[in-house]
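Report on one structure; see the data block that follows.
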Amino acid sequence: MIYRDEPSGAYLLTGDGFGYALAVGPDGSPRHLHWGGPLDPADLARLLDDAGAARVGSNTWSRPRAHTEELVTAGGARFDDHAVALAEAPFDPRLVGSEVDGDRLTIRLADGTLAVTLRYEVRGPALVRGLELHNAGDEPVTVTRAASATWPVPWQVGYHATTLGGGYAAETTLRRVPLGPGKLVLESRRGLPGHAFQPWLAIDDDAGEEHGDVWSVAVAHGGSWRIAAELSGDGHLHVTAGAGDAVLRLAPGERLTLPDTVGVYSPAGRAGLTHRWHDYERGHVLARPHEVRPVLYNSWESTFFAVDHDEQVALARQARELGVELFVVDDGWFTDRDDERGGLGDWRADPAKLPGGVAALADEVHALGMRFGLWVEPESVNPSTDLYRDHPDWVYRWPDREPTAIRHSHGLDFGNPAVRGWAFETLHALVRDGHVDYLKWDLNRSLTDAPATASHRHETGFREVVDRLRAANPDLWLETCASGGGRADLATLSRFEFAWPSDNTDAFERLGIQDGYAFVHSPQTMSCWVTDSPGYLSKRPVPLAFRCHVAMTGTLGIGGRLADWTEAELAEAGAHVARYKQIRETVQLGRRHRLRTDPDRTAVCHVARDGGQVAVFVFARTVRQSHLDPPIRLRGLDPGARYRDDATNTTYTGAFLTHHGLRPVLAGDYASALVVLSRLA
């Protein structure tokens, strides 16, 4: 809901559990008033009075102060981190007009011939903000900074920043650090979001798991991005968020729409923040948000590049016996693809590996009652391919030097309409003629040898190809993978049913990776595999039950060499798959709660949307003799209800489980337990 106070020109935007207020000042500049809990429209007058009573302070400070502005630009006496800057002149835009349309507010500003449009949209628990630039003049305009929004965070006694960072095979590690005066900058300059950080940041004072206020901002963009949190010496903080730094040249008449940024506020600590992000994704972002994801099998860690029709059919038969519903052939199925040095770009089945082509293999998988999927990497090309020989001009390169190779490949310019046309036609034909139900879309390289403007053009082209592909094949499902978690942003997740959080499938290390991923993203998008022990990256031996239980906290997949598994292992894995199907709607679509336990253990519970089922997972790296089994206090239950343990038929009250807790008995190394509770009528 958006309320406009006519006399003052102030706006109050109210969503699920939050309020956001701004006003246009007498000089025509938009002023920030409030972001936090909901307010009453009558409070707007008090907000305006409070803003007007603020002390001016030293003349060495920026004027106006960044935390009082809706959009900080580079102009006048501003010296703080800013969203928009021009090379030719200061930029200090003033009001041209505004419109309210349902849950959308548009504010149009201009300074000279450059116009800027601020877009606000209330979407459930989130406020989405975007920005458009329009050069209305007769001369080009050079934009040296083009972020999408300034997000002022209310004054706090102290500030802590929470990030989801790491690196390849160690993505989405949750970190919370104190902030002092200065600037914290998170960014990717790789042309895609990258593994170092999710394009997301949260700020709080002393919030805990279930108490305290938390403010968070994400950039919904699959290209380069930047988030900067600047804390002034007198304790005011503002966040600048948007696409990564680039010098953009706007031609006369040109318009540029920048990526959306999303703000989510929680008054109920980190748990409340997680639930609000999940609600936002499920209500306003995800493709097929209410459909449970199938159990899949992926062949990568079983066969790597050595794909063979008969062996894949044998794997598919074993996978079907385990209860798998989607069989995916990973890298290595196409011509000249015996290692990573060849094949990318020539998307034809290798006749030596698949004599009947993709369709023949797909038909055999379909006959087994499963859907069929393939791995592709459409944005890369190997120099040895026909595509590169025919179109060397399609790759990113500087005119006076050879293109940089990463993983023996070059990047295809998706800003080029000819490349986009080729990509769509190639993938559409592959899906149509190969009877393909699912594509795992990978990207194992960053953008290199590209101008600063390439990231935005590439990401726009990528989205165009995906949108055309989905429109032409409405039953197609997609998984985003960029060497693991390198492209798991909100813009991409709006077009892909799955995300591959990390190439690291070691179950112990996946606990932290998956906990960080699910801190923001819905578990139904989190693809998790049970692979061999020891794992091919970590070489760590882990029991099968632990591996299965870790993978069952997201969307379950299998990725091991099934031909090498014993009959006992196959039977055990099949039992876990069957158990998962009984709880997967709760795991994927319910409320996820992180549970506090001792430092040696990790616990999480998933509560069904109607509260009728609870799935509790407990993990221990090792069980110490001196540490008795601690109680695990559950969250999200009705204290007045009664719950039955499905395995033991033991009955508990919700109050007992919440305030005293379960006490699963674990033993040994890499121990785990799954307890499923049903609420009694």
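Labels for the structure tokens follow display order: chains A, B, ..., residues from 1 in each chain, ligands from 1.
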Sorted per-residue table, stretch 528-646 of chain A near stretch 206-212 of chain A, closest atoms and distance, 12 Å, only C-alpha atoms, as JSON lines:
```
{"residue": "A:His593", "atom": "CA", "partner": "A:Glu209", "partner_atom": "CA", "distance": 9.5}
{"residue": "A:Arg594", "atom": "CA", "partner": "A:Glu209", "partner_atom": "CA", "distance": 8.2}
{"residue": "A:Leu595", "atom": "CA", "partner": "A:Glu209", "partner_atom": "CA", "distance": 9.1}
{"residue": "A:Arg596", "atom": "CA", "partner": "A:Glu209", "partner_atom": "CA", "distance": 9.0}
{"residue": "A:Arg635", "atom": "CA", "partner": "A:Glu210", "partner_atom": "CA", "distance": 9.8}
{"residue": "A:Gly636", "atom": "CA", "partner": "A:Glu210", "partner_atom": "CA", "distance": 11.0}
```
Kindly save the residues from that selection, with N, CA and C atoms included, as a short mmCIF file (atom, residue, chain, number, x, y, z; two decimals), in the first residue's frame.
```
data_model
loop_
_atom_site.label_atom_id
_atom_site.label_comp_id
_atom_site.auth_asym_id
_atom_site.auth_seq_id
_atom_site.Cartn_x
_atom_site.Cartn_y
_atom_site.Cartn_z
N HIS A 593 14.13 -23.40 10.20
CA HIS A 593 14.59 -22.81 11.45
C HIS A 593 15.97 -23.36 11.81
N ARG A 594 16.92 -22.46 12.00
CA ARG A 594 18.22 -22.87 12.51
C ARG A 594 18.09 -23.07 14.02
N LEU A 595 18.62 -24.17 14.53
CA LEU A 595 18.46 -24.52 15.94
C LEU A 595 19.79 -24.39 16.67
N ARG A 596 19.72 -23.84 17.86
CA ARG A 596 20.93 -23.66 18.65
C ARG A 596 21.27 -24.95 19.37
N ARG A 635 11.93 -24.84 17.07
CA ARG A 635 11.32 -23.54 16.84
C ARG A 635 10.19 -23.69 15.83
N GLY A 636 9.27 -22.77 15.88
CA GLY A 636 8.19 -22.74 14.90
C GLY A 636 7.03 -23.65 15.22
#
```
**Asked** Counting only C-alpha atoms, what is within 8 Å of stretch 258-269 of chain A, bar same-chain residues fewer than 6 positions away, as a VMD selection string?
**Response** chain A and resid 17 to 18 36 to 37 125 to 132 146 to 149 207 to 221 241 to 243 276 to 277
Output for the residues just chosen: N, CA and C atoms as a JSON list (two decimals), in the first residue's frame:
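Dumped to again-v2.json:
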```json
[["chain", "number", "residue", "atom", "x", "y", "z"],
["A", 17, "GLY", "N", 4.77, -6.10, 7.26],
["A", 17, "GLY", "CA", 5.66, -5.96, 8.40],
["A", 17, "GLY", "C", 6.68, -4.85, 8.28],
["A", 18, "PHE", "N", 6.56, -3.94, 7.34],
["A", 18, "PHE", "CA", 7.52, -2.85, 7.25],
["A", 18, "PHE", "C", 6.86, -1.58, 6.74],
["A", 36, "GLY", "N", 11.76, 0.83, 8.37],
["A", 36, "GLY", "CA", 11.70, -0.03, 9.54],
["A", 36, "GLY", "C", 10.31, -0.59, 9.72],
["A", 37, "GLY", "N", 9.84, -0.60, 10.98],
["A", 37, "GLY", "CA", 8.51, -1.12, 11.25],
["A", 37, "GLY", "C", 7.43, -0.26, 10.66],
["A", 125, "PRO", "N", 6.84, -8.76, 1.72],
["A", 125, "PRO", "CA", 7.73, -8.31, 2.79],
["A", 125, "PRO", "C", 8.90, -7.47, 2.31],
["A", 126, "ALA", "N", 8.94, -7.14, 1.02],
["A", 126, "ALA", "CA", 10.11, -6.47, 0.44],
["A", 126, "ALA", "C", 9.70, -5.19, -0.26],
["A", 127, "LEU", "N", 10.66, -4.26, -0.31],
["A", 127, "LEU", "CA", 10.54, -3.07, -1.14],
["A", 127, "LEU", "C", 11.56, -3.18, -2.25],
["A", 128, "VAL", "N", 11.10, -3.11, -3.49],
["A", 128, "VAL", "CA", 11.98, -3.22, -4.65],
["A", 128, "VAL", "C", 12.18, -1.81, -5.21],
["A", 129, "ARG", "N", 13.45, -1.46, -5.42],
["A", 129, "ARG", "CA", 13.77, -0.13, -5.92],
["A", 129, "ARG", "C", 14.64, -0.25, -7.16],
["A", 130, "GLY", "N", 14.31, 0.55, -8.18],
["A", 130, "GLY", "CA", 15.08, 0.57, -9.41],
["A", 130, "GLY", "C", 15.28, 1.99, -9.89],
["A", 131, "LEU", "N", 16.04, 2.13, -10.95],
["A", 131, "LEU", "CA", 16.39, 3.45, -11.46],
["A", 131, "LEU", "C", 16.56, 3.37, -12.97],
["A", 132, "GLU", "N", 16.09, 4.41, -13.66],
["A", 132, "GLU", "CA", 16.28, 4.52, -15.11],
["A", 132, "GLU", "C", 16.89, 5.88, -15.43],
["A", 146, "ALA", "N", 26.78, 4.35, -11.73],
["A", 146, "ALA", "CA", 25.36, 4.14, -12.02],
["A", 146, "ALA", "C", 24.83, 3.01, -11.14],
["A", 147, "ALA", "N", 24.69, 3.30, -9.84],
["A", 147, "ALA", "CA", 24.03, 2.36, -8.94],
["A", 147, "ALA", "C", 22.52, 2.61, -8.98],
["A", 148, "SER", "N", 21.76, 1.69, -8.42],
["A", 148, "SER", "CA", 20.31, 1.75, -8.55],
["A", 148, "SER", "C", 19.62, 2.45, -7.41],
["A", 149, "ALA", "N", 20.22, 2.47, -6.21],
["A", 149, "ALA", "CA", 19.50, 3.01, -5.06],
["A", 149, "ALA", "C", 20.46, 3.33, -3.93],
["A", 207, "ALA", "N", 21.21, -7.77, 17.01],
["A", 207, "ALA", "CA", 20.18, -8.78, 16.74],
["A", 207, "ALA", "C", 20.70, -10.18, 16.99],
["A", 208, "GLY", "N", 19.81, -11.03, 17.47],
["A", 208, "GLY", "CA", 20.09, -12.44, 17.63],
["A", 208, "GLY", "C", 19.28, -13.26, 16.65],
["A", 209, "GLU", "N", 19.17, -14.55, 16.94],
["A", 209, "GLU", "CA", 18.44, -15.41, 16.02],
["A", 209, "GLU", "C", 16.95, -15.05, 15.98],
["A", 210, "GLU", "N", 16.39, -14.68, 17.14],
["A", 210, "GLU", "CA", 14.96, -14.42, 17.16],
["A", 210, "GLU", "C", 14.60, -13.06, 17.76],
["A", 211, "HIS", "N", 15.57, -12.19, 17.94],
["A", 211, "HIS", "CA", 15.26, -10.86, 18.46],
["A", 211, "HIS", "C", 16.10, -9.81, 17.74],
["A", 212, "GLY", "N", 15.60, -8.59, 17.71],
["A", 212, "GLY", "CA", 16.36, -7.47, 17.16],
["A", 212, "GLY", "C", 16.00, -7.14, 15.73],
["A", 213, "ASP", "N", 16.27, -5.88, 15.37],
["A", 213, "ASP", "CA", 15.99, -5.38, 14.03],
["A", 213, "ASP", "C", 17.16, -5.67, 13.10],
["A", 214, "VAL", "N", 16.83, -6.07, 11.87],
["A", 214, "VAL", "CA", 17.84, -6.32, 10.84],
["A", 214, "VAL", "C", 17.34, -5.70, 9.53],
["A", 215, "TRP", "N", 18.25, -4.98, 8.86],
["A", 215, "TRP", "CA", 17.96, -4.41, 7.54],
["A", 215, "TRP", "C", 18.86, -5.10, 6.51],
["A", 216, "SER", "N", 18.33, -5.47, 5.37],
["A", 216, "SER", "CA", 19.14, -6.16, 4.37],
["A", 216, "SER", "C", 18.82, -5.65, 2.97],
["A", 217, "VAL", "N", 19.83, -5.71, 2.10],
["A", 217, "VAL", "CA", 19.72, -5.23, 0.73],
["A", 217, "VAL", "C", 20.36, -6.24, -0.20],
["A", 218, "ALA", "N", 19.70, -6.50, -1.33],
["A", 218, "ALA", "CA", 20.26, -7.39, -2.36],
["A", 218, "ALA", "C", 20.18, -6.69, -3.71],
["A", 219, "VAL", "N", 21.10, -7.06, -4.59],
["A", 219, "VAL", "CA", 21.08, -6.58, -5.97],
["A", 219, "VAL", "C", 20.59, -7.72, -6.84],
["A", 220, "ALA", "N", 19.48, -7.51, -7.52],
["A", 220, "ALA", "CA", 18.89, -8.54, -8.39],
["A", 220, "ALA", "C", 19.51, -8.41, -9.78],
["A", 221, "HIS", "N", 20.69, -8.99, -9.92],
["A", 221, "HIS", "CA", 21.46, -8.79, -11.15],
["A", 221, "HIS", "C", 22.42, -9.96, -11.33],
["A", 241, "ALA", "N", 23.71, 0.50, -3.59],
["A", 241, "ALA", "CA", 23.62, -0.83, -4.19],
["A", 241, "ALA", "C", 23.22, -0.74, -5.65],
["A", 242, "GLY", "N", 23.81, -1.60, -6.46],
["A", 242, "GLY", "CA", 23.44, -1.67, -7.86],
["A", 242, "GLY", "C", 24.46, -2.43, -8.67],
["A", 243, "ALA", "N", 24.46, -2.18, -9.97],
["A", 243, "ALA", "CA", 25.42, -2.82, -10.86],
["A", 243, "ALA", "C", 26.83, -2.34, -10.53],
["A", 276, "ARG", "N", 11.40, -13.90, 5.85],
["A", 276, "ARG", "CA", 10.90, -12.86, 4.95],
["A", 276, "ARG", "C", 11.54, -12.96, 3.57],
["A", 277, "TRP", "N", 12.82, -13.29, 3.51],
["A", 277, "TRP", "CA", 13.44, -13.49, 2.19],
["A", 277, "TRP", "C", 12.83, -14.69, 1.48]]
```
**Message:** Which residues are close to stretch 349-365 of chain A, i.e. within 10 Å by only C-alpha atoms, leaving aside same-chain residues fewer than 4 positions away? Reply as a ChimeraX atom specification.
**Reply:** /A:306-317,320,325-329,332-337,343,369-374,430-437
Export of prior selection with N, CA and C atoms as a JSON list (two decimals), in the first residue's frame:
```json
[["chain", "number", "residue", "atom", "x", "y", "z"],
["A", 306, "ALA", "N", 33.66, -39.20, -19.60],
["A", 306, "ALA", "CA", 33.56, -40.49, -20.29],
["A", 306, "ALA", "C", 32.10, -40.93, -20.41],
["A", 307, "VAL", "N", 31.32, -40.18, -21.16],
["A", 307, "VAL", "CA", 29.90, -40.48, -21.34],
["A", 307, "VAL", "C", 29.76, -41.61, -22.37],
["A", 308, "ASP", "N", 28.90, -42.56, -22.07],
["A", 308, "ASP", "CA", 28.64, -43.69, -22.97],
["A", 308, "ASP", "C", 27.16, -44.04, -22.86],
["A", 309, "HIS", "N", 26.51, -44.23, -24.01],
["A", 309, "HIS", "CA", 25.06, -44.46, -24.01],
["A", 309, "HIS", "C", 24.67, -45.62, -23.10],
["A", 310, "ASP", "N", 25.30, -46.78, -23.28],
["A", 310, "ASP", "CA", 24.90, -47.95, -22.51],
["A", 310, "ASP", "C", 25.16, -47.76, -21.02],
["A", 311, "GLU", "N", 26.28, -47.13, -20.70],
["A", 311, "GLU", "CA", 26.59, -46.90, -19.28],
["A", 311, "GLU", "C", 25.59, -45.91, -18.66],
["A", 312, "GLN", "N", 25.20, -44.88, -19.42],
["A", 312, "GLN", "CA", 24.22, -43.93, -18.90],
["A", 312, "GLN", "C", 22.87, -44.61, -18.69],
["A", 313, "VAL", "N", 22.48, -45.52, -19.60],
["A", 313, "VAL", "CA", 21.22, -46.24, -19.43],
["A", 313, "VAL", "C", 21.28, -47.12, -18.18],
["A", 314, "ALA", "N", 22.44, -47.78, -17.98],
["A", 314, "ALA", "CA", 22.59, -48.60, -16.78],
["A", 314, "ALA", "C", 22.49, -47.75, -15.51],
["A", 315, "LEU", "N", 23.12, -46.57, -15.53],
["A", 315, "LEU", "CA", 23.01, -45.65, -14.40],
["A", 315, "LEU", "C", 21.56, -45.24, -14.18],
["A", 316, "ALA", "N", 20.88, -44.96, -15.28],
["A", 316, "ALA", "CA", 19.49, -44.52, -15.18],
["A", 316, "ALA", "C", 18.63, -45.61, -14.55],
["A", 317, "ARG", "N", 18.88, -46.88, -14.90],
["A", 317, "ARG", "CA", 18.10, -47.98, -14.32],
["A", 317, "ARG", "C", 18.34, -48.06, -12.80],
["A", 320, "ARG", "N", 16.64, -45.10, -11.14],
["A", 320, "ARG", "CA", 15.19, -45.32, -11.04],
["A", 320, "ARG", "C", 14.87, -46.22, -9.85],
["A", 325, "GLU", "N", 13.70, -39.24, -10.02],
["A", 325, "GLU", "CA", 12.64, -38.82, -10.94],
["A", 325, "GLU", "C", 13.15, -38.02, -12.14],
["A", 326, "LEU", "N", 14.39, -37.56, -12.08],
["A", 326, "LEU", "CA", 14.99, -36.76, -13.14],
["A", 326, "LEU", "C", 16.43, -37.22, -13.31],
["A", 327, "PHE", "N", 16.78, -37.66, -14.52],
["A", 327, "PHE", "CA", 18.13, -38.17, -14.80],
["A", 327, "PHE", "C", 18.84, -37.16, -15.69],
["A", 328, "VAL", "N", 20.01, -36.67, -15.23],
["A", 328, "VAL", "CA", 20.73, -35.61, -15.92],
["A", 328, "VAL", "C", 22.11, -36.10, -16.35],
["A", 329, "VAL", "N", 22.41, -35.97, -17.64],
["A", 329, "VAL", "CA", 23.75, -36.25, -18.16],
["A", 329, "VAL", "C", 24.54, -34.95, -18.13],
["A", 332, "GLY", "N", 30.38, -33.70, -21.23],
["A", 332, "GLY", "CA", 31.06, -34.77, -21.92],
["A", 332, "GLY", "C", 30.25, -35.48, -22.98],
["A", 333, "TRP", "N", 28.99, -35.08, -23.22],
["A", 333, "TRP", "CA", 28.12, -35.82, -24.13],
["A", 333, "TRP", "C", 28.27, -35.37, -25.59],
["A", 334, "PHE", "N", 28.96, -34.26, -25.86],
["A", 334, "PHE", "CA", 28.98, -33.67, -27.20],
["A", 334, "PHE", "C", 30.34, -33.86, -27.85],
["A", 335, "THR", "N", 30.45, -33.48, -29.10],
["A", 335, "THR", "CA", 31.63, -33.79, -29.91],
["A", 335, "THR", "C", 32.89, -33.15, -29.35],
["A", 336, "ASP", "N", 34.01, -33.88, -29.48],
["A", 336, "ASP", "CA", 35.34, -33.39, -29.10],
["A", 336, "ASP", "C", 35.40, -32.98, -27.64],
["A", 337, "ARG", "N", 34.65, -33.67, -26.80],
["A", 337, "ARG", "CA", 34.61, -33.28, -25.39],
["A", 337, "ARG", "C", 35.10, -34.43, -24.53],
["A", 343, "GLY", "N", 35.17, -28.75, -27.61],
["A", 343, "GLY", "CA", 33.75, -29.05, -27.72],
["A", 343, "GLY", "C", 32.80, -27.92, -27.44],
["A", 369, "GLY", "N", 10.42, -43.98, -16.82],
["A", 369, "GLY", "CA", 9.54, -43.20, -15.98],
["A", 369, "GLY", "C", 10.17, -41.97, -15.37],
["A", 370, "MET", "N", 11.30, -41.53, -15.94],
["A", 370, "MET", "CA", 11.99, -40.35, -15.42],
["A", 370, "MET", "C", 12.05, -39.26, -16.47],
["A", 371, "ARG", "N", 12.20, -38.03, -16.02],
["A", 371, "ARG", "CA", 12.51, -36.92, -16.91],
["A", 371, "ARG", "C", 13.99, -36.95, -17.26],
["A", 372, "PHE", "N", 14.35, -36.24, -18.35],
["A", 372, "PHE", "CA", 15.72, -36.31, -18.87],
["A", 372, "PHE", "C", 16.31, -34.91, -18.96],
["A", 373, "GLY", "N", 17.57, -34.77, -18.53],
["A", 373, "GLY", "CA", 18.23, -33.48, -18.57],
["A", 373, "GLY", "C", 19.64, -33.56, -19.11],
["A", 374, "LEU", "N", 20.15, -32.38, -19.56],
["A", 374, "LEU", "CA", 21.50, -32.26, -20.11],
["A", 374, "LEU", "C", 22.21, -31.06, -19.51],
["A", 430, "LEU", "N", 18.10, -28.24, -29.51],
["A", 430, "LEU", "CA", 18.58, -29.31, -28.64],
["A", 430, "LEU", "C", 17.46, -29.83, -27.75],
["A", 431, "VAL", "N", 16.69, -28.93, -27.17],
["A", 431, "VAL", "CA", 15.59, -29.32, -26.29],
["A", 431, "VAL", "C", 14.50, -30.02, -27.09],
["A", 432, "ARG", "N", 14.14, -29.44, -28.24],
["A", 432, "ARG", "CA", 13.04, -29.98, -29.04],
["A", 432, "ARG", "C", 13.41, -31.33, -29.65],
["A", 433, "ASP", "N", 14.53, -31.38, -30.35],
["A", 433, "ASP", "CA", 14.89, -32.60, -31.07],
["A", 433, "ASP", "C", 15.47, -33.67, -30.15],
["A", 434, "GLY", "N", 16.04, -33.24, -29.03],
["A", 434, "GLY", "CA", 16.62, -34.22, -28.11],
["A", 434, "GLY", "C", 15.67, -34.69, -27.04],
["A", 435, "HIS", "N", 14.43, -34.20, -27.05],
["A", 435, "HIS", "CA", 13.41, -34.60, -26.08],
["A", 435, "HIS", "C", 13.90, -34.31, -24.65],
["A", 436, "VAL", "N", 14.45, -33.13, -24.47],
["A", 436, "VAL", "CA", 15.08, -32.74, -23.21],
["A", 436, "VAL", "C", 14.07, -32.00, -22.33],
["A", 437, "ASP", "N", 14.00, -32.39, -21.06],
["A", 437, "ASP", "CA", 13.07, -31.77, -20.11],
["A", 437, "ASP", "C", 13.74, -30.75, -19.20]]
```
**Message:** Report as a VMD selection string all protein, DNA and RNA residues lying within 12 Å of A:Gly559, evaluated on only C-alpha atoms, omitting residues in the same chain fewer than 6 positions from it.
**Reply:** chain A and resid 295 to 304 315 to 316 318 to 319 322 324 326 to 330 503 to 506 527 to 533 535 to 536 547 to 548 551 565 573
The selected residues should be written to file as an mmCIF file, in the first residue's frame (atoms: C-alpha atoms).
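The result, stored in part_21.cif:
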```
data_model
loop_
_atom_site.group_PDB
_atom_site.id
_atom_site.type_symbol
_atom_site.label_atom_id
_atom_site.label_comp_id
_atom_site.auth_asym_id
_atom_site.auth_seq_id
_atom_site.Cartn_x
_atom_site.Cartn_y
_atom_site.Cartn_z
ATOM 1 C CA VAL A 295 14.760 -36.062 -6.875
ATOM 2 C CA LEU A 296 17.473 -36.011 -9.527
ATOM 3 C CA TYR A 297 20.506 -38.003 -10.519
ATOM 4 C CA ASN A 298 23.506 -36.261 -12.129
ATOM 5 C CA SER A 299 26.204 -38.283 -13.872
ATOM 6 C CA TRP A 300 29.172 -35.913 -13.435
ATOM 7 C CA GLU A 301 30.992 -37.501 -10.492
ATOM 8 C CA SER A 302 30.199 -40.951 -11.827
ATOM 9 C CA THR A 303 31.529 -40.693 -15.399
ATOM 10 C CA PHE A 304 33.047 -37.193 -15.740
ATOM 11 C CA LEU A 315 23.011 -45.653 -14.397
ATOM 12 C CA ALA A 316 19.494 -44.524 -15.177
ATOM 13 C CA GLN A 318 19.894 -47.957 -10.972
ATOM 14 C CA ALA A 319 18.809 -44.396 -10.306
ATOM 15 C CA LEU A 322 16.552 -45.594 -5.891
ATOM 16 C CA VAL A 324 15.059 -40.838 -8.810
ATOM 17 C CA LEU A 326 14.991 -36.765 -13.143
ATOM 18 C CA PHE A 327 18.127 -38.170 -14.801
ATOM 19 C CA VAL A 328 20.732 -35.610 -15.922
ATOM 20 C CA VAL A 329 23.751 -36.250 -18.157
ATOM 21 C CA ASP A 330 26.431 -33.747 -17.285
ATOM 22 C CA ASP A 503 30.891 -27.784 -6.826
ATOM 23 C CA ASN A 504 31.952 -29.002 -3.387
ATOM 24 C CA THR A 505 29.733 -31.989 -2.596
ATOM 25 C CA ASP A 506 31.589 -33.015 0.574
ATOM 26 C CA SER A 527 20.300 -28.563 -5.309
ATOM 27 C CA CYS A 528 22.133 -31.032 -3.022
ATOM 28 C CA TRP A 529 23.771 -34.295 -4.059
ATOM 29 C CA VAL A 530 24.700 -37.494 -2.275
ATOM 30 C CA THR A 531 28.074 -38.415 -3.787
ATOM 31 C CA ASP A 532 30.757 -41.014 -3.214
ATOM 32 C CA SER A 533 32.926 -41.413 -0.141
ATOM 33 C CA GLY A 535 34.665 -37.213 -2.092
ATOM 34 C CA TYR A 536 36.684 -36.374 -5.201
ATOM 35 C CA ARG A 547 25.645 -37.661 3.274
ATOM 36 C CA CYS A 548 21.969 -38.387 2.664
ATOM 37 C CA ALA A 551 21.382 -33.487 1.011
ATOM 38 C CA TRP A 565 27.844 -49.095 -4.449
ATOM 39 C CA ALA A 573 20.077 -44.829 -0.157
#
```
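Taking the backbone of this structure through DSSP, the residues of stretch 121-275 of chain A that come out as helix (DSSP H, G or I) are A:Gly269, A:Arg270, A:Ala271, A:Gly272, A:Leu273, A:Thr274, A:His275.
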Could those selected residues go to a file with C-alpha atoms, as a compact mmCIF listing (two decimals), in the first residue's frame?
```txt
# COMPACT_ATOMS: atom_id res chain seq x y z
CA GLY A 269 16.18 -11.18 14.25
CA ARG A 270 17.97 -13.39 11.77
CA ALA A 271 15.27 -16.07 11.74
CA GLY A 272 12.67 -13.48 10.84
CA LEU A 273 14.94 -12.15 8.11
CA THR A 274 15.35 -15.61 6.58
CA HIS A 275 11.61 -16.21 6.60
```
**Message:** Rounded to one decimal, what separation in Å do you get between atom CA of A:Ala667 and atom CA of A:Gln625?
**Reply:** 9.3 Å
**Item:** Contacts of A:Pro93 at 9 Å (only C-alpha atoms; same-chain gap of 5+ positions) as a PyMOL selection string
**Value:** chain A and resi 28-29+73+109-112+114-116
**Prompt:** How far is it from atom CA of A:Glu497 to atom CA of A:Ile203, in Å with one decimal?
**Reply:**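 Between these atoms lies a distance of 28.9 Å.
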**Item:** Nearest candidate to A:Gly167 (options A:Ser502, A:Thr602, A:Thr106, A:Thr68; using only C-alpha atoms)
**Value:**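 Closest residue, counting only C-alpha atoms: A:Ser502.
With only C-alpha atoms as the basis for measurement, A:His67 is the residue among A:His195, A:His67, A:Arg288, A:Arg293 that approaches A:Glu230 most closely.
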**Item:** Expected answer as a ChimeraX atom specification: strand (DSSP E) residues in stretch 329-468 of chain A
**Value:** /A:329,371-376,380-381,410-411,438-441
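Among A:Thr172, A:Thr257, A:Gln156, A:Ser224, the residue with the shortest atom-to-atom distance to A:Leu511, counting only C-alpha atoms, is A:Thr172.
Our summary of the geometry notes that atom CA of A:Phe619 is positioned 14.7 Å from atom CA of A:His606.
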**Prompt:** A:Leu544, A:Val550, A:Leu476, A:Leu589: which is nearest A:Pro523, counting only C-alpha atoms?
**Reply:** A:Leu589
**Request:** Extract, using only C-alpha atoms, all DNA, RNA and protein residues at most 9 Å from A:Arg420, discarding same-chain residues fewer than 5 positions from it, and format them as a ChimeraX atom specification.
**Result:** /A:413-415,425,461-462,464-465
